[in-house]
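Below is query_17.tsv, which holds TSV, C-alpha atoms and all ligand atoms.
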```tsv
chain	number	residue	atom	x	y	z
A	1	MET	CA	-12.59	-13.55	-2.02
A	2	GLU	CA	-11.58	-12.32	1.41
A	3	LEU	CA	-8.28	-11.14	2.84
A	4	GLN	CA	-7.95	-12.49	6.36
A	5	VAL	CA	-5.12	-11.55	8.64
A	6	SER	CA	-4.93	-13.55	11.86
A	7	ASP	CA	-2.88	-12.90	15.00
A	8	LEU	CA	-0.18	-11.17	12.99
A	9	THR	CA	2.94	-9.85	14.71
A	10	VAL	CA	5.21	-7.70	12.53
A	11	THR	CA	8.78	-6.63	13.21
A	12	ARG	CA	11.19	-3.90	12.16
A	13	GLY	CA	14.90	-4.31	12.78
A	14	GLY	CA	14.14	-7.55	14.64
A	15	ILE	CA	11.83	-5.83	17.13
A	16	ALA	CA	8.07	-6.38	17.20
A	17	VAL	CA	6.18	-3.17	16.39
A	18	LEU	CA	2.57	-4.39	16.10
A	19	GLU	CA	1.16	-7.61	17.51
A	20	GLY	CA	-2.13	-9.50	17.58
A	21	ILE	CA	-3.43	-7.91	14.38
A	22	ASN	CA	-6.69	-9.45	13.16
A	23	LEU	CA	-8.52	-8.02	10.19
A	24	ALA	CA	-10.69	-9.14	7.31
A	25	VAL	CA	-11.45	-7.35	4.05
A	26	SER	CA	-13.98	-8.79	1.60
A	27	ALA	CA	-14.24	-8.29	-2.15
A	28	GLY	CA	-15.76	-4.88	-2.80
A	29	GLU	CA	-14.47	-3.43	0.48
A	30	ALA	CA	-11.75	-0.95	1.42
A	31	LEU	CA	-10.11	-0.82	4.83
A	32	VAL	CA	-8.11	2.25	5.86
A	33	LEU	CA	-5.42	1.79	8.50
A	34	ARG	CA	-4.73	4.74	10.77
A	35	GLY	CA	-2.25	5.40	13.53
A	36	PRO	CA	0.48	7.84	14.51
A	37	ASN	CA	3.82	8.14	12.71
A	38	GLY	CA	6.09	5.23	13.47
A	39	ILE	CA	3.41	2.93	14.89
A	40	GLY	CA	4.05	0.32	12.18
A	41	LYS	CA	1.53	0.80	9.35
A	42	THR	CA	4.17	0.48	6.62
A	43	THR	CA	5.63	-2.58	8.33
A	44	LEU	CA	2.18	-4.15	8.55
A	45	LEU	CA	1.36	-3.48	4.89
A	46	ARG	CA	4.73	-4.80	3.73
A	47	THR	CA	4.25	-7.95	5.78
A	48	ILE	CA	0.73	-8.54	4.46
A	49	ALA	CA	1.99	-8.01	0.89
A	50	GLY	CA	4.73	-10.58	1.46
A	51	LEU	CA	7.65	-8.17	1.19
A	52	GLN	CA	8.88	-9.20	4.62
A	53	LEU	CA	8.26	-12.18	6.85
A	54	ALA	CA	5.74	-12.17	9.67
A	55	HIS	CA	7.05	-12.93	13.14
A	56	ALA	CA	3.78	-14.73	13.93
A	57	GLY	CA	0.34	-15.15	12.43
A	58	THR	CA	-1.09	-15.76	8.99
A	59	VAL	CA	-2.30	-13.96	5.87
A	60	SER	CA	-4.98	-15.88	3.99
A	61	LEU	CA	-4.42	-14.85	0.38
A	62	ASP	CA	-1.66	-15.73	-2.05
A	63	ARG	CA	0.66	-12.75	-2.57
A	64	GLU	CA	0.34	-13.26	-6.32
A	65	GLN	CA	-3.16	-11.81	-5.96
A	66	MET	CA	-1.77	-8.61	-4.46
A	67	ALA	CA	-0.34	-5.41	-5.89
A	68	TYR	CA	1.64	-3.19	-3.52
A	69	SER	CA	2.38	0.51	-3.79
A	70	GLY	CA	4.75	2.04	-1.27
A	71	HIS	CA	6.36	5.38	-0.58
A	72	ALA	CA	8.45	5.21	-3.79
A	73	ASP	CA	6.63	5.56	-7.10
A	74	GLY	CA	8.59	2.70	-8.69
A	75	ILE	CA	8.84	4.39	-12.07
A	76	LYS	CA	11.70	4.36	-14.55
A	77	ALA	CA	12.78	7.95	-15.23
A	78	PRO	CA	14.13	7.59	-18.81
A	79	LEU	CA	11.01	5.78	-20.03
A	80	THR	CA	7.92	7.69	-21.07
A	81	VAL	CA	4.68	7.44	-19.13
A	82	ALA	CA	3.27	5.00	-21.71
A	83	GLU	CA	6.49	2.96	-21.76
A	84	ASN	CA	6.46	2.66	-17.96
A	85	LEU	CA	2.91	1.35	-18.00
A	86	THR	CA	3.60	-0.95	-20.94
A	87	PHE	CA	6.58	-2.34	-19.04
A	88	TRP	CA	4.39	-3.12	-16.04
A	89	ALA	CA	1.69	-4.58	-18.28
A	90	SER	CA	4.28	-7.00	-19.66
A	91	VAL	CA	5.57	-7.86	-16.16
A	92	PHE	CA	2.05	-8.66	-14.95
A	93	GLY	CA	0.95	-10.24	-18.24
A	94	THR	CA	-1.96	-7.87	-18.72
A	95	GLY	CA	-3.01	-6.14	-21.92
A	96	SER	CA	-3.92	-2.56	-22.65
A	97	ILE	CA	-2.71	0.45	-20.67
A	98	ASP	CA	-5.63	2.60	-21.84
A	99	ALA	CA	-7.72	2.14	-18.68
A	100	ALA	CA	-4.78	3.13	-16.48
A	101	LEU	CA	-4.03	6.22	-18.60
A	102	ALA	CA	-7.69	7.26	-18.51
A	103	THR	CA	-8.20	6.59	-14.78
A	104	PHE	CA	-5.37	8.92	-13.79
A	105	GLN	CA	-5.79	11.35	-16.71
A	106	LEU	CA	-2.32	10.58	-18.00
A	107	GLY	CA	-3.21	10.60	-21.71
A	108	PRO	CA	-1.77	14.09	-22.36
A	109	LEU	CA	1.45	13.04	-20.59
A	110	ALA	CA	1.78	9.63	-22.27
A	111	ALA	CA	4.80	10.56	-24.41
A	112	ARG	CA	6.66	12.47	-21.67
A	113	PRO	CA	9.72	10.91	-20.02
A	114	ALA	CA	8.65	10.01	-16.50
A	115	GLY	CA	11.74	11.65	-14.99
A	116	GLY	CA	10.45	15.03	-16.16
A	117	LEU	CA	7.08	14.81	-14.43
A	118	SER	CA	6.10	16.78	-11.35
A	119	ALA	CA	5.88	14.97	-8.02
A	120	GLY	CA	2.09	14.69	-8.23
A	121	GLN	CA	2.22	13.50	-11.85
A	122	LYS	CA	4.80	10.87	-10.88
A	123	ARG	CA	2.52	9.74	-8.09
A	124	ARG	CA	-0.41	9.43	-10.52
A	125	LEU	CA	1.79	7.29	-12.77
A	126	GLY	CA	2.82	5.15	-9.79
A	127	LEU	CA	-0.83	4.66	-8.87
A	128	ALA	CA	-1.79	3.89	-12.48
A	129	ARG	CA	0.53	0.89	-12.18
A	130	MET	CA	-2.00	-0.65	-9.77
A	131	VAL	CA	-4.66	-0.60	-12.50
A	132	VAL	CA	-2.24	-2.20	-14.95
A	133	THR	CA	-1.42	-5.11	-12.64
A	134	GLY	CA	-4.95	-6.47	-12.95
A	135	ARG	CA	-4.57	-7.86	-9.43
A	136	PRO	CA	-7.61	-7.93	-7.14
A	137	VAL	CA	-5.95	-6.94	-3.87
A	138	TRP	CA	-4.50	-3.44	-3.64
A	139	VAL	CA	-2.18	-2.81	-0.69
A	140	MET	CA	-1.27	0.86	-0.64
A	141	ASP	CA	0.90	2.93	1.67
A	142	GLU	CA	0.14	6.67	1.76
A	143	PRO	CA	-1.12	6.62	-1.84
A	144	THR	CA	-2.11	10.28	-1.98
A	145	VAL	CA	1.21	11.88	-1.03
A	146	SER	CA	1.90	14.82	-3.41
A	147	LEU	CA	-1.60	14.69	-4.92
A	148	ASP	CA	-3.73	17.84	-5.21
A	149	THR	CA	-7.44	17.83	-4.35
A	150	ASP	CA	-8.54	16.84	-7.86
A	151	ALA	CA	-6.05	14.01	-8.00
A	152	VAL	CA	-7.14	12.72	-4.58
A	153	ALA	CA	-10.70	12.58	-5.93
A	154	MET	CA	-9.34	10.81	-9.03
A	155	PHE	CA	-7.69	8.27	-6.77
A	156	ALA	CA	-10.88	7.74	-4.75
A	157	GLU	CA	-12.77	7.06	-8.00
A	158	ALA	CA	-10.07	4.58	-9.06
A	159	VAL	CA	-10.47	2.71	-5.78
A	160	ARG	CA	-14.27	2.74	-6.15
A	161	ALA	CA	-14.02	1.31	-9.68
A	162	HIS	CA	-11.62	-1.35	-8.39
A	163	LEU	CA	-14.05	-2.33	-5.61
A	164	ALA	CA	-17.00	-2.32	-8.01
A	165	GLY	CA	-15.06	-4.77	-10.18
A	166	GLY	CA	-14.76	-7.22	-7.27
A	167	GLY	CA	-11.40	-6.04	-5.96
A	168	LEU	CA	-10.50	-5.03	-2.43
A	169	ALA	CA	-8.14	-2.45	-0.97
A	170	LEU	CA	-6.10	-2.08	2.18
A	171	LEU	CA	-4.67	1.41	2.60
A	172	ALA	CA	-2.69	3.38	5.13
A	173	THR	CA	-3.23	7.10	5.01
A	174	HIS	CA	-3.27	10.16	7.24
A	175	ILE	CA	-5.59	12.14	5.00
A	176	ASP	CA	-9.29	11.93	4.25
A	177	LEU	CA	-9.64	10.15	0.91
A	178	GLY	CA	-13.29	10.99	0.50
A	179	LEU	CA	-14.03	7.27	0.59
A	180	SER	CA	-16.80	7.46	3.15
A	181	GLU	CA	-17.73	3.83	2.52
A	182	ALA	CA	-14.30	2.58	3.63
A	183	ARG	CA	-13.95	1.03	7.06
A	184	VAL	CA	-11.27	2.50	9.31
A	185	MET	CA	-9.05	0.59	11.71
A	186	ASP	CA	-6.81	2.27	14.26
A	187	VAL	CA	-3.71	0.12	14.74
A	188	GLY	CA	-2.61	2.11	17.81
A	189	PRO	CA	-4.01	-0.40	20.33
A	190	PHE	CA	-1.90	-3.15	18.73
A	191	LYS	CA	1.43	-1.54	19.53
A	192	ALA	CA	3.74	-4.35	20.65
A	193	LYS	CA	4.75	-4.42	24.28
A	194	PRO	CA	8.49	-4.17	24.90
A	195	PRO	CA	10.09	-7.59	25.41
A	196	LYS	CA	10.54	-8.63	29.04
A	197	ILE	CA	14.11	-8.26	30.20
A	198	ASP	CA	14.87	-11.11	32.57
A	199	ASP	CA	18.62	-10.73	32.55
A	200	PHE	CA	20.13	-7.71	34.35
A	201	ASP	CA	23.43	-7.72	32.44
A	202	GLY	CA	21.65	-8.36	29.15
A	203	ALA	CA	19.62	-5.20	29.60
A	204	PHE	CA	22.82	-3.22	28.96
A	205	LEU	CA	23.73	-5.03	25.72
B	301	LIG	N1	15.25	-0.06	9.08
B	301	LIG	C1	14.70	0.00	10.30
B	301	LIG	N2	15.29	-0.60	11.35
B	301	LIG	C2	14.74	-0.53	12.58
B	301	LIG	N3	13.60	0.11	12.86
B	301	LIG	C3	12.98	0.73	11.85
B	301	LIG	C4	13.49	0.71	10.52
B	301	LIG	N4	12.65	1.42	9.74
B	301	LIG	C5	11.66	1.86	10.54
B	301	LIG	N5	11.86	1.45	11.80
B	301	LIG	C6	10.99	1.72	12.95
B	301	LIG	O1	9.89	0.83	12.89
B	301	LIG	C7	8.72	1.46	13.40
B	301	LIG	C8	7.57	1.29	12.41
B	301	LIG	O2	7.83	2.04	11.24
B	301	LIG	P1	6.77	2.16	10.07
B	301	LIG	O3	7.46	2.82	8.92
B	301	LIG	O4	6.14	0.83	9.83
B	301	LIG	O5	5.68	3.15	10.73
B	301	LIG	P2	4.45	3.91	10.08
B	301	LIG	O6	3.28	3.73	10.99
B	301	LIG	O7	4.26	3.49	8.67
B	301	LIG	O8	4.92	5.42	10.14
B	301	LIG	P3	4.56	6.71	9.24
B	301	LIG	O9	3.14	7.09	9.58
B	301	LIG	O10	5.54	7.74	9.72
B	301	LIG	O11	4.76	6.35	7.79
B	301	LIG	C9	9.08	2.92	13.64
B	301	LIG	O12	9.20	3.12	15.04
B	301	LIG	C10	10.41	3.11	12.94
B	301	LIG	O13	11.24	4.02	13.62
```
Give the structure from the file, written as structure tokens.
Ligand SMILES: Nc1ncnc2c1ncn2[C@@H]1O[C@H](COP(=O)(O)OP(=O)(O)OP(=O)(O)O)[C@@H](O)[C@H]1O
Amino acid sequence: MELQVSDLTVTRGGIAVLEGINLAVSAGEALVLRGPNGIGKTTLLRTIAGLQLAHAGTVSLDREQMAYSGHADGIKAPLTVAENLTFWASVFGTGSIDAALATFQLGPLAARPAGGLSAGQKRRLGLARMVVTGRPVWVMDEPTVSLDTDAVAMFAEAVRAHLAGGGLALLATHIDLGLSEARVMDVGPFKAKPPKIDDFDGAFL
């Protein structure tokens, strides 16, 4: 399995932000996207995951093979930690939540309503959802926000286990994940050029 992105141009608010993106990630590999705030990493990840349409270019894999985690944790506050994971397991048609609980050390919190968790605990629950999906392609936007050092290491181990199981991961992050084996791609050089204005009056619209 390989994720191939070819000549992708992605837009935000109808304006191209990144263009000519080519990348490939094979099973067992992680690719970390870097670039300054606002360059378009979120937009790129959302487009690859099929949450918005590409302006141009192609993504090789079926989106049903992908699991996406964004800036929001996507958890249901009144449900307990275990109930949240069980809900996702039923959505994705997978079985046990035990591996997800263990990976992110959520066992002691399993019976707690998710709304009462700390920010870092909520983030761990949000990340545990990725394990529950059973999907091979993880597309993750700033996954370690709110995590302490131990939890970042926990996350790195989760990614390693995912890769060892034949999965692949595409991540955007500003921090060092401790995943020295991951390749890094700077998306800065792919910043889209402003559209040519060939109409003097139109330039004021
Ligand atoms: N709803 C919107 N409408 C128009 N433009 C937007 C919208 N949301 C974001 N943008 C712009 O699109 C560009 C790309 O944003 P994006 O969130 O993809 O960047 P990013 O690289 O992920 O940034 P960060 O590192 O801060 O998370 C930014 O310049 C941003 O201001």
Go ahead and fit an axis-aligned box to every listed atom of segment 39-50 of chain A plus 6 Å each side, and pass me the centre and edge lengths in Å, one decimal, as lines of an AutoDock Vina configuration file.
```
center_x = 3.2
center_y = -3.8
center_z = 7.9
size_x = 16.9
size_y = 25.5
size_z = 26.0
```
All residues 10 Å or closer to Phe92 of chain A, all atoms listed in the file, same chain fewer than 6 positions away omitted, as a compact mmCIF listing (two decimals) with C-alpha atoms, in the frame of the given file:
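Produced file part.txt, reproduced below:
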```txt
# COMPACT_ATOMS: atom_id res chain seq x y z
CA GLU A 64 0.34 -13.26 -6.32
CA ALA A 67 -0.34 -5.41 -5.89
CA THR A 86 3.60 -0.95 -20.94
CA VAL A 132 -2.24 -2.20 -14.95
CA THR A 133 -1.42 -5.11 -12.64
CA GLY A 134 -4.95 -6.47 -12.95
CA ARG A 135 -4.57 -7.86 -9.43
```
Option closest in space to Ile21 of chain A, from A:Val159, A:Leu44, A:Ala128, A:Met1 [counting all atoms listed in the file]: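 Of A:Val159, A:Leu44, A:Ala128, A:Met1, the one nearest Ile21 of chain A, counting all atoms listed in the file, is A:Leu44.
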Protein and nucleic acid residues within 12 Å of ligand LIG 301 (chain B) (all atoms listed in the file) as a PyMOL selection string: chain A and resi 10-18+33-47+52+70-71+140-143+145+171-175+186-188+190-192
Between atom CA of Arg183 of chain A and atom CA of Val131 of chain A - distance in Å to one decimal: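 Computing it gives 21.7 Å between the two atoms.
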Nearest to Ala182 of chain A, chosen from A:Gln105, A:Gln121, A:Ser6, A:Ser26, with all atoms listed in the file counted in the distances: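 With all atoms listed in the file as the atom set, the closest residue is A:Ser26.
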Shell around Ala111 of chain A at 10 Å using only C-alpha atoms, local window under 4 positions removed, as a list in words: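 What passes the distance filter is Leu79, Thr80, Val81, Ala82, Glu83, Leu106 and Gly107 of chain A.
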Pairwise distance for atom CA of Gly126 of chain A and atom CA of Leu23 of chain A, rounded to one decimal in Å: 26.5 Å
Length of the atom CA of Ala72 of chain A to atom CA of Glu29 of chain A vector [Å]: 24.9 Å
Polymer residues at most 9 Å from Gly178 of chain A, all atoms listed in the file, same-chain spacing of 4 or more positions, as a list of chain:residue names: A:Val152, A:Ala153, A:Ala156
Using only C-alpha atoms: which of A:Asp148, A:Asp62, A:Glu19, A:Asp201 has the shortest distance to Glu2 of chain A: A:Asp62
Pick from A:Leu147, A:Leu179, A:Met154, A:Met130 nearest to Thr94 of chain A, counting all atoms listed in the file: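 The answer is A:Met130, which sits nearest to Thr94 of chain A.
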Asp73 of chain A surroundings by all atoms listed in the file, 10 Å radius, close-in-sequence under 2 positions cut, as number ranges by chain: A: 69-71, 75-76, 119, 122-127, 129, 143
Residue with smallest distance to Leu31 of chain A - pool A:Leu170, A:Ala49, A:Leu61, A:Leu163, counting all atoms listed in the file: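 For Leu31 of chain A, the nearest of the candidates is A:Leu170.
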Selected residue, from A:Gly120, A:Pro78, A:Pro136, A:Pro195, that lies nearest to Gly165 of chain A when counting only C-alpha atoms: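 The closest residue to Gly165 of chain A is A:Pro136.
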